[in-house]
Each structure stands twice: as C-alpha cells, then as structure tokens.
file final_23.cif (mmCIF, C-alpha atoms)
data_my_file
loop_
_atom_site.label_atom_id
_atom_site.label_comp_id
_atom_site.auth_asym_id
_atom_site.auth_seq_id
_atom_site.Cartn_x
_atom_site.Cartn_y
_atom_site.Cartn_z
CA MET A 1 21.49 32.18 8.53
CA GLN A 2 22.70 28.78 9.71
CA LEU A 3 21.13 25.36 10.03
CA PRO A 4 21.49 23.79 13.47
CA GLN A 5 23.09 20.64 12.05
CA PHE A 6 25.57 22.60 9.91
CA PRO A 7 27.06 25.31 12.13
CA GLY A 8 29.98 25.97 9.79
CA VAL A 9 27.84 26.90 6.82
CA ASN A 10 26.44 30.34 6.21
CA ILE A 11 23.34 30.65 4.10
CA GLU A 12 22.35 34.01 2.71
CA ILE A 13 18.97 34.42 1.10
CA LEU A 14 17.76 37.60 -0.55
CA LEU A 15 14.37 38.22 -2.08
CA PHE A 16 14.20 40.82 -4.84
CA GLN A 17 11.08 42.41 -6.30
CA ASP A 18 10.67 44.18 -9.63
CA VAL A 19 13.88 42.85 -11.07
CA SER A 20 14.74 44.59 -14.32
CA ASN A 21 17.85 42.73 -15.48
CA ALA A 22 16.73 39.08 -15.47
CA ASN A 23 17.98 38.67 -19.00
CA ASP A 24 21.39 39.98 -17.99
CA ILE A 25 21.74 37.71 -14.97
CA ARG A 26 20.68 34.75 -17.03
CA SER A 27 23.43 35.28 -19.55
CA LYS A 28 26.20 35.22 -16.94
CA ILE A 29 24.63 32.76 -14.56
CA ALA A 30 27.45 30.26 -14.96
CA GLU A 31 30.02 32.68 -13.54
CA LEU A 32 28.01 33.81 -10.55
CA PRO A 33 28.55 31.81 -7.36
CA TYR A 34 24.92 32.03 -6.33
CA ALA A 35 21.67 30.20 -6.87
CA PHE A 36 18.89 32.16 -8.54
CA ILE A 37 15.32 31.02 -8.17
CA ASP A 38 12.22 32.44 -9.72
CA ALA A 39 10.10 33.50 -6.75
CA ARG A 40 6.90 32.46 -8.50
CA THR A 41 7.74 28.85 -7.75
CA ILE A 42 8.26 29.31 -4.00
CA CYS A 43 5.27 29.65 -1.70
CA SER A 44 6.90 29.56 1.71
CA VAL A 45 10.16 29.81 3.61
CA GLU A 46 9.61 26.20 4.62
CA GLN A 47 9.59 25.03 1.00
CA LEU A 48 12.93 26.63 0.13
CA MET A 49 14.60 25.79 3.43
CA SER A 50 13.61 22.15 3.22
CA ALA A 51 15.34 21.97 -0.16
CA ILE A 52 18.46 23.63 1.24
CA TYR A 53 18.42 21.22 4.18
CA ARG A 54 18.30 18.33 1.78
CA VAL A 55 21.22 19.76 -0.16
CA MET A 56 23.29 20.06 3.01
CA ILE A 57 22.53 16.48 4.04
CA GLU A 58 23.41 15.18 0.59
CA SER A 59 26.55 17.25 0.50
CA LYS A 60 27.70 15.92 3.88
CA TYR A 61 27.18 12.32 2.82
CA ASN A 62 28.64 12.76 -0.67
CA ARG A 63 25.47 12.37 -2.61
CA LEU A 64 25.50 15.54 -4.66
CA ARG A 65 24.41 15.10 -8.24
CA THR A 66 25.40 18.45 -9.65
CA LYS A 67 28.62 20.41 -9.65
CA SER A 68 27.83 22.94 -6.96
CA LEU A 69 25.66 23.38 -3.91
CA HIS A 70 23.87 26.18 -5.70
CA SER A 71 22.73 24.12 -8.63
CA GLU A 72 21.86 21.36 -6.19
CA VAL A 73 19.34 23.67 -4.53
CA LEU A 74 17.38 23.88 -7.77
CA LEU A 75 17.53 20.14 -8.22
CA ALA A 76 16.42 19.57 -4.62
CA LEU A 77 13.40 21.81 -5.17
CA SER A 78 12.33 19.79 -8.14
CA PRO A 79 9.99 16.82 -7.86
CA THR A 80 11.87 15.04 -10.65
CA SER A 81 15.52 14.07 -10.95
CA ASN A 82 16.07 15.81 -14.24
CA ILE A 83 18.59 18.61 -13.74
CA GLY A 84 17.76 20.46 -16.95
CA GLU A 85 14.10 20.41 -16.16
CA ALA A 86 14.74 21.66 -12.64
CA PHE A 87 16.62 24.66 -14.04
CA LYS A 88 13.88 25.38 -16.52
CA LYS A 89 11.17 25.28 -13.90
CA PHE A 90 12.81 26.94 -10.91
CA GLY A 91 15.61 28.90 -12.50
CA ILE A 92 15.58 32.46 -13.68
CA SER A 93 13.88 33.18 -17.00
CA ASP A 94 13.80 36.33 -19.11
CA ASP A 95 10.44 37.41 -17.74
CA THR A 96 11.36 36.85 -14.08
CA LYS A 97 10.26 39.82 -11.99
CA ASN A 98 10.77 38.45 -8.51
CA LEU A 99 13.95 36.65 -7.72
CA ILE A 100 15.49 34.76 -4.86
CA MET A 101 19.26 34.84 -4.59
CA ILE A 102 21.01 32.28 -2.42
CA GLU A 103 24.58 31.94 -1.34
CA ILE A 104 25.76 28.90 0.56
CA ASN A 105 29.15 29.60 2.05
CA GLN A 106 31.00 26.65 3.54
CA ASP A 107 34.32 28.36 4.18
CA ASN A 108 32.87 30.40 6.99
CA ASP A 109 34.71 33.51 5.83
CA ASN A 110 32.91 36.73 5.14
CA SER A 111 30.10 36.57 2.68
CA SER A 112 30.99 37.62 -0.82
CA LEU A 113 27.36 38.19 -1.68
CA ASP A 114 27.26 40.93 -4.30
CA LYS A 115 23.81 42.49 -4.13
CA THR A 116 24.49 44.76 -7.06
CA VAL A 117 24.26 41.86 -9.48
CA VAL A 118 20.50 42.17 -9.33
CA ASN A 119 18.68 45.38 -10.18
CA GLY A 120 15.65 45.23 -7.96
CA GLU A 121 14.20 46.08 -4.62
CA ILE A 122 15.25 43.89 -1.69
CA VAL A 123 12.36 42.87 0.56
CA ASP A 124 12.31 40.66 3.63
CA PHE A 125 12.54 36.96 2.91
CA ASN A 126 9.41 35.85 4.75
CA ASP A 127 6.19 33.94 4.12
CA ASP A 128 4.10 37.05 3.44
CA ASN A 129 6.36 38.38 0.72
CA LEU A 130 6.78 34.95 -0.83
CA GLN A 131 3.04 34.34 -0.90
CA LYS A 132 2.42 37.66 -2.59
CA ASN A 133 4.69 36.71 -5.46
CA SER A 134 3.98 33.01 -5.76
CA ASP A 135 1.94 31.42 -8.49
CA VAL A 136 -0.13 28.73 -6.82
CA ASN A 137 -1.26 27.13 -10.06
CA ALA A 138 2.26 26.93 -11.40
CA ILE A 139 3.44 25.33 -8.17
CA ARG A 140 0.66 22.76 -8.29
CA LYS A 141 1.60 21.96 -11.84
CA ILE A 142 5.31 21.65 -11.12
CA TYR A 143 4.75 19.35 -8.17
CA LYS A 144 2.05 17.43 -10.04
CA ILE A 145 -0.47 17.82 -7.27
CA ASP A 146 -3.76 16.40 -8.44
CA GLN A 147 -6.46 18.99 -9.07
CA SER A 148 -8.84 16.95 -6.93
CA VAL A 149 -6.77 17.76 -3.85
CA GLU A 150 -7.99 20.98 -2.34
CA PHE A 151 -5.89 23.16 -0.11
CA GLU A 152 -7.52 25.45 2.40
CA ASN A 153 -4.50 27.69 2.67
CA ILE A 154 -0.97 28.15 1.48
CA SER A 155 0.54 26.28 4.39
CA GLU A 156 -1.19 23.09 3.25
CA LEU A 157 0.22 23.54 -0.24
CA SER A 158 3.59 24.27 1.30
CA ARG A 159 3.41 21.05 3.24
CA ALA A 160 2.70 19.10 0.08
CA THR A 161 5.75 20.66 -1.60
CA VAL A 162 7.93 19.79 1.40
CA ASN A 163 6.78 16.18 1.11
CA ALA A 164 7.70 16.12 -2.56
CA ILE A 165 11.10 17.73 -1.94
CA GLN A 166 12.01 15.33 0.84
CA LEU A 167 10.95 12.23 -1.06
CA ARG A 168 12.10 12.79 -4.61
CA GLY A 169 14.38 10.32 -6.31
CA ILE A 170 16.10 8.60 -3.43
CA MET B 1 23.47 -0.88 23.46
CA SER B 2 20.96 1.90 23.63
CA GLN B 3 23.57 4.40 24.84
CA GLU B 4 25.53 3.58 21.72
CA ILE B 5 22.56 4.52 19.59
CA VAL B 6 21.99 7.76 21.48
CA ASP B 7 25.65 8.67 20.99
CA ALA B 8 25.44 7.99 17.26
CA VAL B 9 22.36 10.17 16.95
CA SER B 10 23.93 12.96 18.98
CA GLN B 11 26.94 12.92 16.75
CA TYR B 12 24.83 13.04 13.61
CA LEU B 13 22.72 15.89 14.93
CA THR B 14 25.60 17.91 16.48
CA PRO B 15 25.29 19.49 19.94
CA ASN B 16 23.02 22.17 18.48
CA VAL B 17 20.15 19.71 18.44
CA PRO B 18 19.48 18.42 21.96
CA ILE B 19 17.51 15.19 22.05
CA LYS B 20 15.40 13.28 24.53
CA LEU B 21 14.76 9.57 24.10
CA ILE B 22 11.06 8.82 24.35
CA SER B 23 10.64 5.36 22.92
CA GLN B 24 12.64 2.44 21.69
CA GLY B 25 11.35 -0.40 19.57
CA ALA B 26 13.01 -3.28 17.82
CA GLU B 27 13.36 -1.35 14.60
CA ALA B 28 13.77 2.27 15.56
CA VAL B 29 14.29 4.71 18.39
CA VAL B 30 12.26 7.86 18.78
CA PHE B 31 13.52 11.16 20.16
CA THR B 32 12.05 14.58 20.71
CA THR B 33 13.87 17.85 20.18
CA PRO B 34 12.91 21.50 20.45
CA VAL B 35 14.97 22.35 17.35
CA HIS B 36 13.53 22.45 13.84
CA PRO B 37 16.04 21.19 11.28
CA TYR B 38 15.67 24.11 8.90
CA CYS B 39 13.01 26.62 9.95
CA PRO B 40 13.97 28.26 13.23
CA SER B 41 10.77 28.90 15.11
CA ASN B 42 9.97 30.49 18.40
CA GLU B 43 6.50 29.07 18.48
CA ILE B 44 5.04 28.17 21.81
CA THR B 45 2.39 25.53 22.43
CA LYS B 46 -0.84 26.18 24.29
CA ASP B 47 0.69 25.26 27.61
CA SER B 48 3.57 27.65 26.86
CA LYS B 49 6.26 25.07 26.24
CA PRO B 50 8.50 25.26 23.19
CA VAL B 51 7.26 23.33 20.15
CA GLN B 52 8.75 19.85 19.93
CA TYR B 53 9.69 17.74 16.93
CA ILE B 54 9.99 14.00 16.56
CA ILE B 55 13.09 12.29 15.24
CA LYS B 56 12.70 8.64 14.35
CA TYR B 57 15.98 6.86 13.82
CA ARG B 58 16.51 3.39 12.43
CA SER B 59 19.86 2.32 13.76
CA PRO B 60 22.15 -0.08 11.92
CA LYS B 61 21.54 -3.64 13.07
CA LYS B 62 24.70 -5.57 13.78
CA TYR B 63 23.12 -8.94 13.10
CA ARG B 64 22.61 -8.04 9.44
CA HIS B 65 25.16 -7.91 6.70
CA PRO B 66 26.23 -4.24 6.37
CA VAL B 67 25.18 -4.02 2.73
CA ILE B 68 21.75 -5.50 3.34
CA ASP B 69 21.42 -3.42 6.49
CA LYS B 70 21.92 -0.21 4.51
CA GLN B 71 19.40 -1.24 1.89
CA LEU B 72 16.78 -2.20 4.43
CA THR B 73 17.22 0.97 6.47
CA LYS B 74 16.94 3.09 3.38
CA HIS B 75 13.96 1.18 2.04
CA ARG B 76 12.00 1.25 5.28
CA THR B 77 12.75 4.86 6.09
CA LEU B 78 11.74 5.89 2.64
CA SER B 79 8.57 3.84 2.45
CA GLU B 80 7.36 5.15 5.78
CA SER B 81 8.01 8.73 4.64
CA ARG B 82 6.36 8.15 1.28
CA LEU B 83 3.33 6.77 3.01
CA LEU B 84 3.11 9.87 5.20
CA GLY B 85 3.36 12.02 2.08
CA LYS B 86 0.61 10.14 0.30
CA LEU B 87 -1.70 9.96 3.28
CA TYR B 88 -1.39 13.68 3.79
CA LEU B 89 -3.12 14.27 0.47
CA ILE B 90 -6.21 12.28 1.52
CA GLU B 91 -8.85 14.72 2.58
CA GLY B 92 -9.98 14.35 6.16
CA LEU B 93 -7.21 11.99 7.19
CA HIS B 94 -4.92 13.20 9.96
CA VAL B 95 -1.31 12.09 9.98
CA PRO B 96 1.79 13.80 11.36
CA LYS B 97 3.52 16.29 9.15
CA LEU B 98 6.72 15.12 7.53
CA ILE B 99 9.53 17.61 8.06
CA ALA B 100 12.58 15.89 6.65
CA THR B 101 13.84 12.50 5.58
CA ASP B 102 17.39 11.27 5.41
CA ALA B 103 16.87 7.75 4.10
CA TYR B 104 20.56 6.87 3.80
CA ASN B 105 21.15 7.46 7.46
CA GLY B 106 17.71 6.32 8.58
CA TYR B 107 16.28 9.55 9.97
CA ILE B 108 12.75 10.88 9.74
CA TRP B 109 11.73 14.22 11.26
CA GLN B 110 8.06 14.70 12.00
CA GLU B 111 5.89 17.14 13.83
CA PHE B 112 5.16 16.33 17.45
CA LEU B 113 1.52 15.64 18.20
CA GLY B 114 -0.42 15.31 21.42
CA GLU B 115 0.04 16.64 24.91
CA ASP B 116 0.14 15.47 28.51
CA LEU B 117 -3.31 14.64 29.82
CA PRO B 118 -4.49 16.39 32.99
CA ASN B 119 -4.14 14.70 36.42
CA ASP B 120 -1.02 12.78 35.46
CA CYS B 121 -2.88 10.52 33.08
CA GLY B 122 0.09 10.39 30.79
CA PHE B 123 0.50 11.21 27.13
CA SER B 124 -2.65 11.82 25.08
CA ASN B 125 -2.83 8.61 23.11
CA LEU B 126 -6.09 6.71 22.90
CA LYS B 127 -5.07 4.19 25.55
CA ASN B 128 -4.32 6.76 28.24
CA TYR B 129 -7.31 8.81 27.23
CA LEU B 130 -9.67 5.89 27.78
CA TRP B 131 -8.09 5.23 31.15
CA MET B 132 -8.55 8.85 32.07
CA ASN B 133 -12.25 8.44 31.37
CA ALA B 134 -12.63 5.18 33.30
CA LYS B 135 -14.75 6.82 35.99
CA ASP B 136 -17.33 7.98 33.48
CA PRO B 137 -16.62 5.55 30.64
CA TYR B 138 -19.61 6.16 28.42
CA ASN B 139 -19.72 9.95 28.25
CA ASP B 140 -20.50 11.74 25.02
CA VAL B 141 -17.00 13.05 24.46
CA VAL B 142 -15.58 9.54 24.62
CA LYS B 143 -18.20 8.36 22.16
CA ASP B 144 -17.45 11.23 19.82
CA THR B 145 -13.71 10.53 20.06
CA LEU B 146 -14.02 6.82 19.33
CA PHE B 147 -16.39 7.49 16.45
CA LYS B 148 -13.79 9.83 14.97
CA VAL B 149 -11.05 7.25 15.47
CA GLY B 150 -13.22 4.80 13.54
CA GLU B 151 -13.64 7.39 10.79
CA GLN B 152 -9.88 7.80 10.49
CA ILE B 153 -9.41 4.06 10.07
CA GLY B 154 -12.26 3.98 7.58
CA LEU B 155 -10.65 6.75 5.55
CA LEU B 156 -7.35 4.92 5.59
CA HIS B 157 -8.90 1.67 4.45
CA ILE B 158 -11.27 3.04 1.86
CA ASN B 159 -8.26 4.61 0.16
CA ASP B 160 -6.55 1.22 0.18
CA TYR B 161 -3.92 1.85 2.81
CA CYS B 162 -3.27 -0.26 5.86
CA HIS B 163 -1.61 0.69 9.09
CA GLY B 164 -0.10 -2.66 10.04
CA ASP B 165 0.23 -1.93 13.75
CA LEU B 166 -2.98 -0.28 14.77
CA THR B 167 -2.92 -0.18 18.55
CA SER B 168 -4.44 2.28 20.95
CA SER B 169 -0.99 3.78 21.61
CA ASN B 170 -0.54 4.50 17.93
CA ILE B 171 -3.57 6.78 17.91
CA VAL B 172 -2.73 10.19 19.29
CA LEU B 173 -5.42 12.64 20.33
CA VAL B 174 -5.00 16.34 19.73
CA ARG B 175 -7.36 18.87 21.26
CA ASP B 176 -9.38 20.90 18.78
CA THR B 177 -9.20 24.68 18.81
CA ASN B 178 -12.01 24.96 21.36
CA GLY B 179 -10.23 22.57 23.65
CA THR B 180 -13.31 20.45 24.27
CA ASN B 181 -13.18 17.71 21.65
CA TRP B 182 -10.33 15.52 20.49
CA ILE B 183 -9.04 14.98 16.98
CA PRO B 184 -7.42 11.58 16.46
CA TYR B 185 -4.20 11.27 14.46
CA LEU B 186 -2.79 7.95 13.33
CA ILE B 187 0.96 7.66 13.91
CA ASP B 188 3.77 5.18 13.28
CA PHE B 189 3.37 3.89 9.76
CA GLY B 190 6.52 1.81 10.03
CA LEU B 191 4.52 -1.30 9.14
CA GLY B 192 2.04 0.52 6.90
CA SER B 193 1.55 -0.21 3.27
CA GLN B 194 -0.69 0.35 0.33
CA SER B 195 -2.98 -2.65 0.19
CA ASN B 196 -6.37 -3.44 -1.22
CA MET B 197 -6.49 -6.79 0.51
CA VAL B 198 -9.47 -7.33 2.76
CA GLU B 199 -7.28 -9.51 4.94
CA ASP B 200 -4.94 -6.66 5.89
CA LYS B 201 -7.86 -4.40 6.69
CA GLY B 202 -9.53 -7.08 8.76
CA VAL B 203 -6.29 -7.61 10.67
CA ASP B 204 -5.97 -3.86 11.36
CA LEU B 205 -9.44 -3.83 12.90
CA TYR B 206 -8.75 -7.01 14.82
CA VAL B 207 -5.48 -5.73 16.27
CA LEU B 208 -7.17 -2.57 17.51
CA GLU B 209 -10.08 -4.51 18.93
CA ARG B 210 -7.70 -6.76 20.82
CA ALA B 211 -5.77 -3.76 22.10
CA ILE B 212 -8.96 -2.22 23.47
CA ILE B 213 -10.17 -5.50 24.96
CA SER B 214 -6.90 -6.12 26.72
CA THR B 215 -6.53 -2.65 28.22
CA HIS B 216 -10.12 -1.59 28.83
CA SER B 217 -11.93 -4.87 29.11
CA SER B 218 -14.89 -3.70 31.19
CA PHE B 219 -15.99 -1.20 28.55
CA SER B 220 -14.57 -2.71 25.42
CA ASP B 221 -17.86 -3.91 23.89
CA LYS B 222 -19.30 -0.45 23.65
CA TYR B 223 -15.98 1.10 22.67
CA ASN B 224 -15.55 -1.31 19.81
CA ASP B 225 -19.13 -0.73 18.67
CA TRP B 226 -18.48 2.99 18.49
CA LEU B 227 -15.26 2.45 16.58
CA ILE B 228 -17.02 0.29 14.02
CA GLU B 229 -19.85 2.84 13.79
CA GLY B 230 -17.33 5.50 12.82
CA PHE B 231 -15.52 3.12 10.50
CA SER B 232 -18.75 2.16 8.74
CA SER B 233 -19.93 5.75 8.36
CA VAL B 234 -17.06 6.46 5.98
CA TYR B 235 -17.94 3.52 3.75
CA LYS B 236 -21.66 4.25 3.86
CA LYS B 237 -21.06 7.73 2.48
CA GLN B 238 -19.84 6.05 -0.70
CA GLY B 239 -23.27 4.63 -1.53
CA LYS B 240 -23.99 1.11 -2.60
CA GLY B 241 -20.44 0.21 -3.65
CA GLY B 242 -19.17 1.44 -0.31
CA VAL B 243 -21.62 -0.71 1.63
CA GLN B 244 -20.58 -3.72 -0.35
CA LYS B 245 -16.90 -3.10 0.41
CA LEU B 246 -17.77 -2.49 4.02
CA ASN B 247 -19.53 -5.83 4.31
CA GLU B 248 -16.53 -7.58 2.81
CA VAL B 249 -14.19 -6.00 5.34
CA LEU B 250 -16.49 -6.65 8.28
CA LYS B 251 -17.03 -10.23 7.24
CA ARG B 252 -13.30 -10.80 7.05
CA PHE B 253 -12.88 -9.00 10.36
CA ALA B 254 -15.25 -11.56 11.89
CA ASP B 255 -13.25 -14.38 10.28
CA VAL B 256 -9.98 -13.02 11.63
CA ARG B 257 -11.53 -12.74 15.06
CA MET B 258 -12.40 -16.43 14.95
CA ARG B 259 -9.01 -17.65 13.88
CA GLY B 260 -6.56 -15.04 15.08
CA ARG B 261 -4.29 -12.69 13.21
CA LYS B 262 -2.08 -15.29 11.59
CA ARG B 263 -3.64 -17.42 8.94
CA SER B 264 -2.94 -21.08 9.19
CA MET B 265 -0.31 -22.03 6.67
CA ILE B 266 -0.91 -25.75 6.97
CA GLY B 267 -1.63 -27.49 3.70
#
call {"tool": "encode", "arguments": {"input": "final_23.cif", "output": "structure tokens"}}
result
Amino acid sequence: MQLPQFPGVNIEILLFQDVSNANDIRSKIAELPYAFIDARTICSVEQLMSAIYRVMIESKYNRLRTKSLHSEVLLALSPTSNIGEAFKKFGISDDTKNLIMIEINQDNDNSSLDKTVVNGEIVDFNDDNLQKNSDVNAIRKIYKIDQSVEFENISELSRATVNAIQLRGI
Amino acid sequence: MSQEIVDAVSQYLTPNVPIKLISQGAEAVVFTTPVHPYCPSNEITKDSKPVQYIIKYRSPKKYRHPVIDKQLTKHRTLSESRLLGKLYLIEGLHVPKLIATDAYNGYIWQEFLGEDLPNDCGFSNLKNYLWMNAKDPYNDVVKDTLFKVGEQIGLLHINDYCHGDLTSSNIVLVRDTNGTNWIPYLIDFGLGSQSNMVEDKGVDLYVLERAIISTHSSFSDKYNDWLIEGFSSVYKKQGKGGVQKLNEVLKRFADVRMRGRKRSMIG
C-alpha cells in the first residue's frame, strides 16, 4: 500500500488473529524491523492510517521523535507524547491475541516482511475485522474520551481517535 | 502571487493529489481534491461524483519575519484544528470532519460538505439557499432550516465557543438522508475561539444578522426572528439558568446592534 503523497514508500499491514507467540515476539521486538500493535486498541483502518500518515509527514520534515518509523507509529497513535507509555498501551503484550504487523519500507526494494515471525491466522486488514477485535472501552480510556460523550457507532469513535492522533503534542 | 501559492501546494502534495482552487482569503487558500491523504476510497456521492476533500493552506506571508511567520502559521493551523476536534465532541453540533493536520506547513484536510443547488443556484451555503427560495421566501422548509441554523449557533455558544466570522457563506447546508430537509454545518473556524464572553457571542449574532440583512433585505426580519427562535430554544432547554444566560446574550446582542461590532475605545 502507498500513500498518495509518498509514492516511494511501501506500507505493508498484516492483521493476525489467535496469535500464540506474543511472548516470543515481545522478547525480540528490538531486532525486528516491524511495528507491532495490539489490535484491541485499533477500531478502524482510518485510525491506524491517520497515525501512519502523521509519521510520514513528520519523517519528511525531520520531526521524528523516536529512532525508527516503526516506533514512531506507536507514538503517533498515542494521545500523549510519552514514548514509553505509547509502547505500553499500543504495543504487544504477553496476552495479545490479535496483532497488527506493519512494515514501512522507504527503499522501495522488495518487501522483507517475514510473516513467519508471528504464529497466527492472517485475516484481511479491514474495518470489519478490526471492529471484531477492538476493545471500545479500552480505546475510550486510552484517548481519554469523556464518558459523557456518547457514540452511536464505531465510526464516530474512530473520528474522535483521528482527531486526537492529528492534534497530539505539536 | 496566487499562482506561486498553487505551485507550492502542488509541490507539497505531489502530482498524485490533483487540486482545484475554490477560495482565497487573506489568511489561507482553500482547495478541493478527490484524493484522501491516507484512506483510499472509491466512494461516490449521491449525484455520482467522486467524494471530495478540502485542503486549507495557510501560505507563508512575505511581509512577516520568517520566524514569526512560522510560529503564527503553526499556531493558527493548530488552534483551528483543535477547535474542530473539540466541537466534534459536542452532541448535536455539526462541524466538518478533520482528516489531517500538518501544522508546521500550514495544512488542514477536512471533509467536503455541501453540494450544488438545483437550477444553477450555486453552492449550498445558507446565502445561496435563501436566494434560491426568494420566490417563496417564507415556506416551511426555509423556516425549519433557519431554526436549525439558530440551534447550531446556540449549541456553539452555550458550550462557550465562538465562531468569530459567522456569515451566511460560512454555514453550509447538507441534505438529510430523505433529501427533503437541510442540516446546517458551521464551517471555517479560522477566527473561532473558546470564549465565555457575552460580547463575543453578541458579535457573532450581530455579524450574521448583518449578513442576512445585506443579502436578503426584503425578508430579513422574519429570517432573523427564526434564527433567534432556534438559538433561544437551545438555551431554554437548560431551564432557568439557561434563560438567564440567554437574556444576557440577547441583551448584549441588542447593545452591539446599537453601536456596531467594534466597541469604542475612547477614554
């Protein structure tokens, strides 16, 4: 997948269900050139893509705050500017069952995405599958959306998360 | 001058994002594009045209010192986006959806609202809509629309936000799902702010009243009555405290009307 403004950058996103080796991945996460995100915290394609868009903009204008584009994705998702907290909230944890794996490839050569790193079933990365696995209450809590605000459907929640992602810590 | 700006935007967006200039103000230029910045969509609108998006760009101003220029651009882009984010969370209030913000470069992406009115009446903002209805100026749909516009302003004000440039072109009408009634959206919060000052609210109402008087003078009395009816209804729902606040705002509105928008600074 490519973003219209960044034609030279390939973005691969895989959604895994029933992941059995979360613990394993977590222990070698530093060596793997991918971003891993707990799918519970993502409610829509829009939410994740808006974070990736922000990463690409910040990368182009030299405003990255972390060492790689992949860690920046987690930071961009977060409503706060604390990198450690972003990893804790959005990153993989030992009890992660559904996982999103992202590779951002700027060299435009063939993808080196190694699907075998994750033991799980690959399903389509789309809104339906994300909704099935998302934890609405956790997302509300992470983005500090007041309980008094009611959402009629997921797309309204998704919109609130996009707002938070676009506006955090500039 | 303006070609320069268009070139800068085209370069920023790359040729993959075609743009069309739709409006230029002193502060920003506004473009439309059929390309979403990060979610490719093949959605089609009701009249089977591709979905459009709005790009609002605050260009660097040469008359400012570059450092100050950067700060101002960033600050204004960000505060407008923040406002959109906050207003979205107010129940019942309709504002355009924020898609992306690049405050350093001065870009805001928003959803495109409105449509072209039938019979070449132009874009569906409140001004053109009222002109479209000039032959039958007091029909029920117009009344309903203006009442709803008033409600939107009431919701904005009761939550202590002000628009700052509330004209009839900054109110966009979107057809509801049945296609019969219109849902008003407030747009362009470039001068908006959070404010609990009665003065700012009074000025908002005054600016809109003047806009209606100057463009639709034959019918403006009734139109403004309907707007205020809708505006008041929001406050009245809040009980006694709401009515009290309402009276404060309306009283100040009357004051502003007497003296004009700018308060005398003499003395």
call {"tool": "residues_around", "arguments": {"input": "final_23.cif", "residues": "Thr101 (chain B)", "least_positions_apart": "3", "cutoff": "8 Å", "atoms": "only C-alpha atoms", "output": "MDAnalysis selection string"}}
result
(chainID A and resid 166:167) or (chainID B and resid 77:78 81 98 106:109)
call {"tool": "resolve_selection", "arguments": {"input": "final_23.cif", "expression": "the PyMOL selection byres ((chain B) within 9 of (chain A))", "output": "number ranges by chain"}}
result
B: 12-17, 35-40, 74, 78, 81-82, 84-86, 88-91, 97-104
call {"tool": "atom_distance", "arguments": {"input": "final_23.cif", "atom1": "CA of Leu208 (chain B)", "atom2": "CA of Lys245 (chain B)"}}
result
19.7 Å
call {"tool": "resolve_selection", "arguments": {"input": "final_23.cif", "expression": "the PyMOL selection byres ((chain B and resi 129-137) around 9)", "output": "NGL selection string"}}
result
:B and (117-119 or 121-128 or 138-139 or 142 or 173 or 215-216 or 219)
call {"tool": "resolve_selection", "arguments": {"input": "final_23.cif", "expression": "the PyMOL selection byres ((chain A and resi 99) around 8)", "output": "list in words"}}
result
Leu15, Phe16, Gln17, Val19, Phe36, Ile37, Asp38, Ala39, Ile92, Thr96, Lys97, Asn98, Ile100 and Met101 of chain A
call {"tool": "atom_distance", "arguments": {"input": "final_23.cif", "atom1": "CA of Asp114 (chain A)", "atom2": "CA of Leu64 (chain A)"}}
result
25.5 Å
call {"tool": "closest_residue", "arguments": {"input": "final_23.cif", "among": "A:Gly8, A:Leu77, A:Ser158, A:Asn21", "to": "Leu130 (chain A)", "atoms": "only C-alpha atoms"}}
result
A:Ser158
call {"tool": "residues_around", "arguments": {"input": "final_23.cif", "residues": "Ile171 (chain B)", "least_positions_apart": "3", "cutoff": "10 Å", "atoms": "all atoms listed in the file", "output": "ChimeraX atom specification"}}
result
/B:95,114,124-127,149,152,166-168,174,183-188
call {"tool": "atom_distance", "arguments": {"input": "final_23.cif", "atom1": "CA of Ala30 (chain A)", "atom2": "CA of Ser112 (chain A)"}}
result
16.3 Å
call {"tool": "residues_around", "arguments": {"input": "final_23.cif", "residues": "Asp24 (chain A)", "least_positions_apart": "5", "cutoff": "9 Å", "atoms": "all atoms listed in the file", "output": "list in words"}}
result
Ile29, Asp94 and Val118 of chain A
call {"tool": "closest_residue", "arguments": {"input": "final_23.cif", "among": "A:Pro79, A:Gly84, A:Gly120, A:Gly91", "to": "Ile142 (chain A)", "atoms": "all atoms listed in the file"}}
result
A:Pro79
call {"tool": "axis_aligned_box", "arguments": {"input": "final_23.cif", "around": "region 167-181 of chain B", "padding_each_side": "6 Å", "output": "JSON"}}
result
{"center_x": -6.9, "center_y": 12.4, "center_z": 21.1, "size_x": 24.8, "size_y": 37.1, "size_z": 18.4}
call {"tool": "closest_residue", "arguments": {"input": "final_23.cif", "among": "B:Asp225, B:Asp69, B:Glu27, B:Glu111", "to": "Glu209 (chain B)", "atoms": "only C-alpha atoms"}}
result
B:Asp225
call {"tool": "residues_around", "arguments": {"input": "final_23.cif", "residues": "Ser59 (chain B)", "least_positions_apart": "4", "cutoff": "9 Å", "atoms": "only C-alpha atoms", "output": "MDAnalysis selection string"}}
result
chainID B and resid 5 8:9 27:29 73 105:107
call {"tool": "closest_residue", "arguments": {"input": "final_23.cif", "among": "B:Tyr63, B:Phe253, B:Tyr235, B:Tyr57", "to": "Gly190 (chain B)", "atoms": "only C-alpha atoms"}}
result
B:Tyr57
call {"tool": "closest_residue", "arguments": {"input": "final_23.cif", "among": "A:Lys115, A:Ile139, A:Val9, A:Asn129", "to": "Ser78 (chain A)", "atoms": "all atoms listed in the file"}}
result
A:Ile139
call {"tool": "residues_around", "arguments": {"input": "final_23.cif", "residues": "Gln131 (chain A)", "least_positions_apart": "6", "cutoff": "10 Å", "atoms": "all atoms listed in the file", "output": "list in words"}}
result
Ala39, Arg40, Thr41, Ile42, Cys43, Ser44, Val45, Ile154 and Ser155 of chain A
call {"tool": "decode", "arguments": {"input": "final_23.cif", "residues": "region 146-165 of chain A", "atoms": "C-alpha atoms", "output": "compact mmCIF listing (two decimals), in the first residue's frame"}}
result
# COMPACT_ATOMS: atom_id res chain seq x y z
CA ASP A 146 -15.18 11.60 28.45
CA GLN A 147 -17.82 9.05 29.42
CA SER A 148 -20.49 11.70 28.88
CA VAL A 149 -19.78 11.66 25.15
CA GLU A 150 -21.89 9.02 23.50
CA PHE A 151 -21.04 7.44 20.19
CA GLU A 152 -23.74 5.99 18.02
CA ASN A 153 -21.36 3.79 16.11
CA ILE A 154 -17.73 2.88 15.73
CA SER A 155 -17.11 5.40 13.01
CA GLU A 156 -17.86 8.23 15.43
CA LEU A 157 -15.38 6.79 17.92
CA SER A 158 -12.91 6.37 15.09
CA ARG A 159 -13.32 10.01 14.18
CA ALA A 160 -12.59 11.06 17.74
CA THR A 161 -9.40 8.97 17.73
CA VAL A 162 -8.31 10.54 14.42
CA ASN A 163 -8.78 13.98 15.97
CA ALA A 164 -6.62 13.00 18.93
CA ILE A 165 -3.92 11.49 16.70
